[in-house]
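These notes concern the structure reproduced below.
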Amino acid sequence: MVQDAKRFLSYICPHCRKTVIVERDLFSLAASTAHIPCPCGKSELTVEFRPTRVQLTVPCLFCGRDHAVSCSSQAFVRERALAFSCAASGLDCCYVGEEGPVYAAAARLEQAVDKLESDSAAQGAFLDELVMHEVLEEIRDIAQRGGITCTCGGRNCSIQVNYSSVDLQCGQCGAQMRIPAATADDIDDICCKNTILIRGKEPL
């Protein structure tokens with residue numbers, strides 16, 4: 001049974017650059033394609049339930065294009081927070097989930113955008129070199145302790161470093177997990193973890 005019949009959805013409008021966060025009833029989302037416009041009227045997020053998946057069209061602040069992304073219906077309905085990213089920038093462009101996690105993620109993304117647009121943001125390999133260094137160090141420490149595992153039972157993973165995030169991929173089932181590495185809050189979050197669990201295939 002679904003514990004929470006509501007979902008919060010968030011994105012940043014690429015035109016007015018304001019964060020859009022709305023609350024929607026799951027039943028209304030499932031009934032027909034949902035259109036979630038920015039108050040400025042120049043962009044909108046769409047959500048369409050299909051037999052086993054949910055398809056979203058997300059306006060992207062970073063590359064200026066709309067991204068067609070999807071997830072399983074079960075994940076859309078049950079996960080505390082889902083993040084969808086821009087492949088070109090590596091930054092998140094949309095969040096779906098419970099109120100607290102979505103608002104927290106949106107606030108963090110706003111910080112990343114501010115940093116990206118500030119005059120002090122150097123055109124380096126990463127959005128913030130110090131944050132990326134600290135997050136990578138913590139991930140490596142957890143990995144050395146054998147603390148990175150996958151729900152499929154796998155214990156080996158590969159690491160891909162992006163502009164403002166780190167992707168972990170299970171070597172056994174291929175499942176991926178993205179860890180943000182853009183703001184000081186991202187350092188605090190990873191420092192609080194003793195283990196990292198990649199959500200892949202369930203063991204037989």
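Residues are named by chain letter and number: chains run A, B, ... in the order of the structure tokens, numbers start at 1 in each chain, and ligands are numbered from 1 in the order shown.
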Give the strand (DSSP E or B) residues of stretch 35-67 of chain A, as DSSP finds them on the backbone, and put them as a ChimeraX atom specification.
/A:35-37,44-49,53-59,66-67
Could the residues of stretch 57-106 of chain A that have an atom at most 10 Å from stretch 172-196 of chain A be listed as a Markdown table, each with its closest atom pair and the distance in Å to one decimal, counting only C-alpha atoms and ordered by chain and ascending residue number?
| residue | atom | partner | partner_atom | distance |
| --- | --- | --- | --- | --- |
| A:Ala83 | CA | A:Arg178 | CA | 8.7 |
| A:Phe84 | CA | A:Arg178 | CA | 9.8 |
| A:Ser85 | CA | A:Arg178 | CA | 9.4 |
| A:Gly90 | CA | A:Pro180 | CA | 9.4 |
| A:Leu91 | CA | A:Pro180 | CA | 8.3 |
| A:Asp92 | CA | A:Pro180 | CA | 8.8 |
| A:Ala104 | CA | A:Asp185 | CA | 10.0 |
| A:Ala105 | CA | A:Pro180 | CA | 9.9 |
Within 7 Å of A:Val54, counting only C-alpha atoms, which residues qualify if same-chain residues fewer than 6 places away don't, as a PyMOL selection string?
chain A and resi 47-48+70-73
Emit the selected residues as a short mmCIF file (atom, residue, chain, number, x, y, z; two decimals), in the first residue's frame, including N, CA and C atoms.
data_model
loop_
_atom_site.label_atom_id
_atom_site.label_comp_id
_atom_site.auth_asym_id
_atom_site.auth_seq_id
_atom_site.Cartn_x
_atom_site.Cartn_y
_atom_site.Cartn_z
N VAL A 47 4.43 15.02 -16.77
CA VAL A 47 4.53 13.70 -16.14
C VAL A 47 3.45 12.82 -16.74
N GLU A 48 3.88 11.66 -17.27
CA GLU A 48 2.92 10.74 -17.88
C GLU A 48 3.14 9.33 -17.35
N SER A 70 12.86 8.84 -17.51
CA SER A 70 11.82 7.95 -17.00
C SER A 70 12.35 7.14 -15.83
N CYS A 71 11.43 6.55 -15.09
CA CYS A 71 11.77 5.66 -13.98
C CYS A 71 10.63 4.66 -13.84
N SER A 72 10.84 3.63 -13.06
CA SER A 72 9.77 2.65 -12.84
C SER A 72 8.63 3.32 -12.05
N SER A 73 7.44 2.84 -12.29
CA SER A 73 6.28 3.38 -11.56
C SER A 73 6.44 3.19 -10.06
#
Which residues are near A:Ile148? Cut-off 12 Å, only C-alpha atoms, ignore same chain within fewer than 6 positions. Put them as a PyMOL selection string.
chain A and resi 138-142+154-159+168-171+177+193-199
Those residues with C-alpha atoms, as a PDB file, in the first residue's frame please?
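To be explicit, this is the file written out as part30.pdb:
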ATOM      1  CA  GLU A 138      35.192  10.085   1.843  1.00  0.00           C
ATOM      2  CA  ILE A 139      33.981   7.707  -0.889  1.00  0.00           C
ATOM      3  CA  ARG A 140      37.424   6.129  -1.121  1.00  0.00           C
ATOM      4  CA  ASP A 141      37.607   5.710   2.657  1.00  0.00           C
ATOM      5  CA  ILE A 142      34.218   3.975   2.681  1.00  0.00           C
ATOM      6  CA  GLY A 154      27.786  -7.152  -5.323  1.00  0.00           C
ATOM      7  CA  ARG A 155      30.643  -5.585  -3.400  1.00  0.00           C
ATOM      8  CA  ASN A 156      32.729  -4.143  -6.227  1.00  0.00           C
ATOM      9  CA  CYS A 157      31.969  -0.891  -7.997  1.00  0.00           C
ATOM     10  CA  SER A 158      33.511   1.530 -10.445  1.00  0.00           C
ATOM     11  CA  ILE A 159      33.671   5.281  -9.871  1.00  0.00           C
ATOM     12  CA  LEU A 168      29.072   4.639  -8.545  1.00  0.00           C
ATOM     13  CA  GLN A 169      28.306   1.587 -10.700  1.00  0.00           C
ATOM     14  CA  CYS A 170      27.924  -1.935  -9.354  1.00  0.00           C
ATOM     15  CA  GLY A 171      30.330  -4.293 -11.106  1.00  0.00           C
ATOM     16  CA  MET A 177      24.063   5.668  -7.886  1.00  0.00           C
ATOM     17  CA  LYS A 193      27.777   7.844   6.021  1.00  0.00           C
ATOM     18  CA  ASN A 194      29.633   4.753   7.175  1.00  0.00           C
ATOM     19  CA  THR A 195      28.281   2.701   4.289  1.00  0.00           C
ATOM     20  CA  ILE A 196      26.817   3.295   0.821  1.00  0.00           C
ATOM     21  CA  LEU A 197      24.125   1.011  -0.606  1.00  0.00           C
ATOM     22  CA  ILE A 198      23.572   1.005  -4.373  1.00  0.00           C
ATOM     23  CA  ARG A 199      20.000   0.037  -5.187  1.00  0.00           C
TER      24      ARG A 199
END
Contacts of A:Cys86 within 12 Å, only C-alpha atoms, excl. fewer than 5 positions in-chain, as a PDB file with N, CA, C and O atoms, in the first residue's frame:
ATOM      1  N   TYR A  11      11.796  21.640 -10.295  1.00  0.00           N
ATOM      2  CA  TYR A  11      12.791  21.920 -11.332  1.00  0.00           C
ATOM      3  C   TYR A  11      13.065  23.417 -11.328  1.00  0.00           C
ATOM      4  O   TYR A  11      12.343  24.189 -10.699  1.00  0.00           O
ATOM      5  N   THR A  57       9.118  14.902 -18.963  1.00  0.00           N
ATOM      6  CA  THR A  57       9.828  15.828 -19.836  1.00  0.00           C
ATOM      7  C   THR A  57      10.217  17.026 -18.979  1.00  0.00           C
ATOM      8  O   THR A  57       9.354  17.707 -18.417  1.00  0.00           O
ATOM      9  N   VAL A  58      11.524  17.247 -18.851  1.00  0.00           N
ATOM     10  CA  VAL A  58      12.040  18.205 -17.874  1.00  0.00           C
ATOM     11  C   VAL A  58      12.779  19.355 -18.559  1.00  0.00           C
ATOM     12  O   VAL A  58      13.748  19.122 -19.281  1.00  0.00           O
ATOM     13  N   PRO A  59      12.357  20.596 -18.345  1.00  0.00           N
ATOM     14  CA  PRO A  59      13.125  21.739 -18.847  1.00  0.00           C
ATOM     15  C   PRO A  59      14.466  21.802 -18.111  1.00  0.00           C
ATOM     16  O   PRO A  59      14.516  21.579 -16.896  1.00  0.00           O
ATOM     17  N   CYS A  60      15.532  22.089 -18.825  1.00  0.00           N
ATOM     18  CA  CYS A  60      16.856  22.095 -18.196  1.00  0.00           C
ATOM     19  C   CYS A  60      17.491  23.474 -18.239  1.00  0.00           C
ATOM     20  O   CYS A  60      17.687  24.045 -19.322  1.00  0.00           O
ATOM     21  N   LEU A  61      17.835  23.970 -17.077  1.00  0.00           N
ATOM     22  CA  LEU A  61      18.507  25.265 -16.958  1.00  0.00           C
ATOM     23  C   LEU A  61      19.897  25.226 -17.563  1.00  0.00           C
ATOM     24  O   LEU A  61      20.383  26.211 -18.110  1.00  0.00           O
ATOM     25  N   PHE A  62      20.564  24.080 -17.491  1.00  0.00           N
ATOM     26  CA  PHE A  62      21.992  24.014 -17.792  1.00  0.00           C
ATOM     27  C   PHE A  62      22.310  23.890 -19.279  1.00  0.00           C
ATOM     28  O   PHE A  62      23.259  24.488 -19.764  1.00  0.00           O
ATOM     29  N   CYS A  63      21.512  23.115 -20.009  1.00  0.00           N
ATOM     30  CA  CYS A  63      21.789  22.974 -21.438  1.00  0.00           C
ATOM     31  C   CYS A  63      20.712  23.645 -22.297  1.00  0.00           C
ATOM     32  O   CYS A  63      20.869  23.750 -23.512  1.00  0.00           O
ATOM     33  N   GLY A  64      19.628  24.090 -21.660  1.00  0.00           N
ATOM     34  CA  GLY A  64      18.590  24.805 -22.386  1.00  0.00           C
ATOM     35  C   GLY A  64      17.624  23.934 -23.161  1.00  0.00           C
ATOM     36  O   GLY A  64      16.725  24.435 -23.835  1.00  0.00           O
ATOM     37  N   ARG A  65      17.792  22.598 -23.054  1.00  0.00           N
ATOM     38  CA  ARG A  65      16.903  21.683 -23.773  1.00  0.00           C
ATOM     39  C   ARG A  65      15.979  20.973 -22.788  1.00  0.00           C
ATOM     40  O   ARG A  65      16.229  20.973 -21.590  1.00  0.00           O
ATOM     41  N   ASP A  66      14.948  20.346 -23.329  1.00  0.00           N
ATOM     42  CA  ASP A  66      14.069  19.509 -22.512  1.00  0.00           C
ATOM     43  C   ASP A  66      14.627  18.089 -22.496  1.00  0.00           C
ATOM     44  O   ASP A  66      14.998  17.552 -23.542  1.00  0.00           O
ATOM     45  N   HIS A  67      14.680  17.486 -21.312  1.00  0.00           N
ATOM     46  CA  HIS A  67      15.159  16.116 -21.195  1.00  0.00           C
ATOM     47  C   HIS A  67      13.971  15.164 -21.054  1.00  0.00           C
ATOM     48  O   HIS A  67      13.067  15.411 -20.247  1.00  0.00           O
ATOM     49  N   ALA A  68      13.973  14.079 -21.818  1.00  0.00           N
ATOM     50  CA  ALA A  68      12.989  13.012 -21.659  1.00  0.00           C
ATOM     51  C   ALA A  68      13.615  11.952 -20.764  1.00  0.00           C
ATOM     52  O   ALA A  68      14.599  11.312 -21.132  1.00  0.00           O
ATOM     53  N   VAL A  69      13.087  11.811 -19.557  1.00  0.00           N
ATOM     54  CA  VAL A  69      13.628  10.861 -18.587  1.00  0.00           C
ATOM     55  C   VAL A  69      12.495   9.971 -18.091  1.00  0.00           C
ATOM     56  O   VAL A  69      11.319  10.301 -18.240  1.00  0.00           O
ATOM     57  N   LEU A  91      24.696  17.962 -13.662  1.00  0.00           N
ATOM     58  CA  LEU A  91      23.917  18.541 -12.570  1.00  0.00           C
ATOM     59  C   LEU A  91      22.473  18.052 -12.633  1.00  0.00           C
ATOM     60  O   LEU A  91      21.943  17.759 -13.701  1.00  0.00           O
ATOM     61  N   ASP A  92      21.837  17.983 -11.463  1.00  0.00           N
ATOM     62  CA  ASP A  92      20.439  17.567 -11.416  1.00  0.00           C
ATOM     63  C   ASP A  92      19.552  18.627 -12.061  1.00  0.00           C
ATOM     64  O   ASP A  92      19.849  19.822 -12.009  1.00  0.00           O
ATOM     65  N   CYS A  93      18.449  18.162 -12.660  1.00  0.00           N
ATOM     66  CA  CYS A  93      17.513  19.116 -13.262  1.00  0.00           C
ATOM     67  C   CYS A  93      16.094  18.924 -12.761  1.00  0.00           C
ATOM     68  O   CYS A  93      15.223  19.757 -13.036  1.00  0.00           O
ATOM     69  N   CYS A  94      15.836  17.838 -12.004  1.00  0.00           N
ATOM     70  CA  CYS A  94      14.482  17.586 -11.532  1.00  0.00           C
ATOM     71  C   CYS A  94      14.516  16.652 -10.329  1.00  0.00           C
ATOM     72  O   CYS A  94      15.354  15.740 -10.274  1.00  0.00           O
ATOM     73  N   ASN A 162      32.264  13.236 -12.271  1.00  0.00           N
ATOM     74  CA  ASN A 162      31.656  14.212 -13.167  1.00  0.00           C
ATOM     75  C   ASN A 162      32.004  15.634 -12.710  1.00  0.00           C
ATOM     76  O   ASN A 162      32.755  15.824 -11.765  1.00  0.00           O
ATOM     77  N   TYR A 163      31.398  16.606 -13.371  1.00  0.00           N
ATOM     78  CA  TYR A 163      31.669  18.006 -13.054  1.00  0.00           C
ATOM     79  C   TYR A 163      31.236  18.386 -11.641  1.00  0.00           C
ATOM     80  O   TYR A 163      31.927  19.131 -10.940  1.00  0.00           O
ATOM     81  N   SER A 164      30.090  17.845 -11.196  1.00  0.00           N
ATOM     82  CA  SER A 164      29.572  18.228  -9.877  1.00  0.00           C
ATOM     83  C   SER A 164      28.981  17.035  -9.130  1.00  0.00           C
ATOM     84  O   SER A 164      28.176  17.216  -8.225  1.00  0.00           O
ATOM     85  N   SER A 165      29.374  15.822  -9.523  1.00  0.00           N
ATOM     86  CA  SER A 165      28.853  14.626  -8.876  1.00  0.00           C
ATOM     87  C   SER A 165      29.789  13.457  -9.136  1.00  0.00           C
ATOM     88  O   SER A 165      30.685  13.535  -9.980  1.00  0.00           O
TER      89      SER A 165
END
List as a list in words the protein and nucleic acid residues near A:Glu79, meaning an atom at most 8 Å away when only C-alpha atoms are counted, but skip any in the same chain fewer than 5 places from it.
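Listed by chain and then number, they are Gln74, Gly97 and Glu98 of chain A.
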Which neighbours of A:His15 fall inside 7 Å, counting only C-alpha atoms, when residues of the same chain fewer than 2 positions from it are skipped, and could you give them as a PyMOL selection string?
chain A and resi 13+17+42
Write the residues of the preceding selection, restricted to all heavy atoms, as a compact mmCIF listing (two decimals), in the first residue's frame.
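The resulting file, part_13.txt, is reproduced below:
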# COMPACT_ATOMS: atom_id res chain seq x y z
N CYS A 13 13.29 26.71 -13.67
CA CYS A 13 12.89 27.21 -14.99
C CYS A 13 14.10 27.79 -15.72
O CYS A 13 14.81 28.66 -15.16
CB CYS A 13 11.81 28.28 -14.85
SG CYS A 13 11.36 29.07 -16.41
N ARG A 17 14.68 31.37 -14.26
CA ARG A 17 15.68 30.84 -13.33
C ARG A 17 15.15 30.73 -11.90
O ARG A 17 15.91 30.73 -10.94
CB ARG A 17 16.96 31.68 -13.38
CG ARG A 17 17.48 31.89 -14.78
CD ARG A 17 18.75 32.71 -14.82
NE ARG A 17 19.94 31.87 -14.72
CZ ARG A 17 20.46 31.16 -15.71
NH1 ARG A 17 19.87 31.15 -16.88
NH2 ARG A 17 21.55 30.46 -15.54
N LYS A 42 6.82 30.20 -19.37
CA LYS A 42 7.73 29.91 -20.47
C LYS A 42 8.32 28.50 -20.44
O LYS A 42 9.09 28.13 -21.33
CB LYS A 42 8.86 30.95 -20.49
CG LYS A 42 8.38 32.35 -20.81
CD LYS A 42 9.54 33.33 -20.86
CE LYS A 42 9.06 34.73 -21.20
NZ LYS A 42 10.18 35.71 -21.23
Picked from stretch 11-107 of chain A by DSSP as alpha helix (DSSP H), as a ChimeraX atom specification:
/A:26-31,73-78,99-107
Give me a file of those residues, with N, CA, C and O atoms, as an mmCIF file, in the first residue's frame.
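Wrote again_2.cif, looks like this:
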data_model
loop_
_atom_site.group_PDB
_atom_site.id
_atom_site.type_symbol
_atom_site.label_atom_id
_atom_site.label_comp_id
_atom_site.auth_asym_id
_atom_site.auth_seq_id
_atom_site.Cartn_x
_atom_site.Cartn_y
_atom_site.Cartn_z
ATOM 1 N N LEU A 26 -1.093 11.638 -6.268
ATOM 2 C CA LEU A 26 -0.678 10.545 -7.141
ATOM 3 C C LEU A 26 -1.800 10.086 -8.066
ATOM 4 O O LEU A 26 -1.569 9.725 -9.219
ATOM 5 N N PHE A 27 -3.023 10.101 -7.569
ATOM 6 C CA PHE A 27 -4.139 9.627 -8.372
ATOM 7 C C PHE A 27 -4.386 10.555 -9.564
ATOM 8 O O PHE A 27 -4.683 10.095 -10.662
ATOM 9 N N SER A 28 -4.248 11.847 -9.352
ATOM 10 C CA SER A 28 -4.427 12.780 -10.459
ATOM 11 C C SER A 28 -3.266 12.681 -11.444
ATOM 12 O O SER A 28 -3.449 12.813 -12.660
ATOM 13 N N LEU A 29 -2.060 12.422 -10.932
ATOM 14 C CA LEU A 29 -0.905 12.245 -11.819
ATOM 15 C C LEU A 29 -1.082 11.023 -12.707
ATOM 16 O O LEU A 29 -0.721 11.027 -13.884
ATOM 17 N N ALA A 30 -1.639 9.960 -12.123
ATOM 18 C CA ALA A 30 -1.811 8.712 -12.868
ATOM 19 C C ALA A 30 -2.984 8.771 -13.839
ATOM 20 O O ALA A 30 -3.034 8.016 -14.809
ATOM 21 N N ALA A 31 -3.923 9.666 -13.593
ATOM 22 C CA ALA A 31 -5.151 9.711 -14.394
ATOM 23 C C ALA A 31 -4.906 10.215 -15.813
ATOM 24 O O ALA A 31 -5.485 9.712 -16.776
ATOM 25 N N SER A 73 7.437 2.842 -12.287
ATOM 26 C CA SER A 73 6.282 3.381 -11.561
ATOM 27 C C SER A 73 6.442 3.187 -10.055
ATOM 28 O O SER A 73 6.094 4.055 -9.256
ATOM 29 N N GLN A 74 7.015 2.046 -9.682
ATOM 30 C CA GLN A 74 7.209 1.751 -8.263
ATOM 31 C C GLN A 74 8.154 2.755 -7.620
ATOM 32 O O GLN A 74 7.904 3.245 -6.516
ATOM 33 N N ALA A 75 9.256 3.077 -8.318
ATOM 34 C CA ALA A 75 10.210 4.050 -7.772
ATOM 35 C C ALA A 75 9.564 5.425 -7.647
ATOM 36 O O ALA A 75 9.737 6.122 -6.646
ATOM 37 N N PHE A 76 8.800 5.826 -8.664
ATOM 38 C CA PHE A 76 8.155 7.136 -8.645
ATOM 39 C C PHE A 76 7.207 7.260 -7.458
ATOM 40 O O PHE A 76 7.123 8.307 -6.810
ATOM 41 N N VAL A 77 6.504 6.181 -7.164
ATOM 42 C CA VAL A 77 5.481 6.210 -6.110
ATOM 43 C C VAL A 77 6.085 6.062 -4.718
ATOM 44 O O VAL A 77 5.608 6.679 -3.759
ATOM 45 N N ARG A 78 7.162 5.283 -4.580
ATOM 46 C CA ARG A 78 7.621 4.894 -3.251
ATOM 47 C C ARG A 78 8.914 5.556 -2.761
ATOM 48 O O ARG A 78 9.117 5.674 -1.559
ATOM 49 N N GLU A 99 8.150 15.614 0.582
ATOM 50 C CA GLU A 99 8.328 17.057 0.737
ATOM 51 C C GLU A 99 9.717 17.437 1.248
ATOM 52 O O GLU A 99 10.420 18.245 0.626
ATOM 53 N N GLY A 100 10.136 16.871 2.387
ATOM 54 C CA GLY A 100 11.416 17.252 2.977
ATOM 55 C C GLY A 100 12.604 17.024 2.068
ATOM 56 O O GLY A 100 13.397 17.952 1.807
ATOM 57 N N PRO A 101 12.791 15.803 1.554
ATOM 58 C CA PRO A 101 13.930 15.544 0.678
ATOM 59 C C PRO A 101 13.926 16.376 -0.601
ATOM 60 O O PRO A 101 14.992 16.808 -1.065
ATOM 61 N N VAL A 102 12.755 16.623 -1.177
ATOM 62 C CA VAL A 102 12.699 17.401 -2.415
ATOM 63 C C VAL A 102 13.066 18.865 -2.155
ATOM 64 O O VAL A 102 13.843 19.467 -2.905
ATOM 65 N N TYR A 103 12.540 19.442 -1.076
ATOM 66 C CA TYR A 103 12.891 20.828 -0.750
ATOM 67 C C TYR A 103 14.377 20.958 -0.432
ATOM 68 O O TYR A 103 15.026 21.932 -0.830
ATOM 69 N N ALA A 104 14.939 19.970 0.283
ATOM 70 C CA ALA A 104 16.358 20.010 0.630
ATOM 71 C C ALA A 104 17.221 19.900 -0.625
ATOM 72 O O ALA A 104 18.214 20.631 -0.780
ATOM 73 N N ALA A 105 16.847 19.002 -1.528
ATOM 74 C CA ALA A 105 17.613 18.833 -2.760
ATOM 75 C C ALA A 105 17.522 20.075 -3.636
ATOM 76 O O ALA A 105 18.512 20.503 -4.245
ATOM 77 N N ALA A 106 16.331 20.680 -3.705
ATOM 78 C CA ALA A 106 16.155 21.885 -4.513
ATOM 79 C C ALA A 106 16.994 23.036 -3.965
ATOM 80 O O ALA A 106 17.594 23.801 -4.732
ATOM 81 N N ALA A 107 17.055 23.153 -2.642
ATOM 82 C CA ALA A 107 17.867 24.216 -2.025
ATOM 83 C C ALA A 107 19.344 24.008 -2.338
ATOM 84 O O ALA A 107 20.088 24.959 -2.615
#
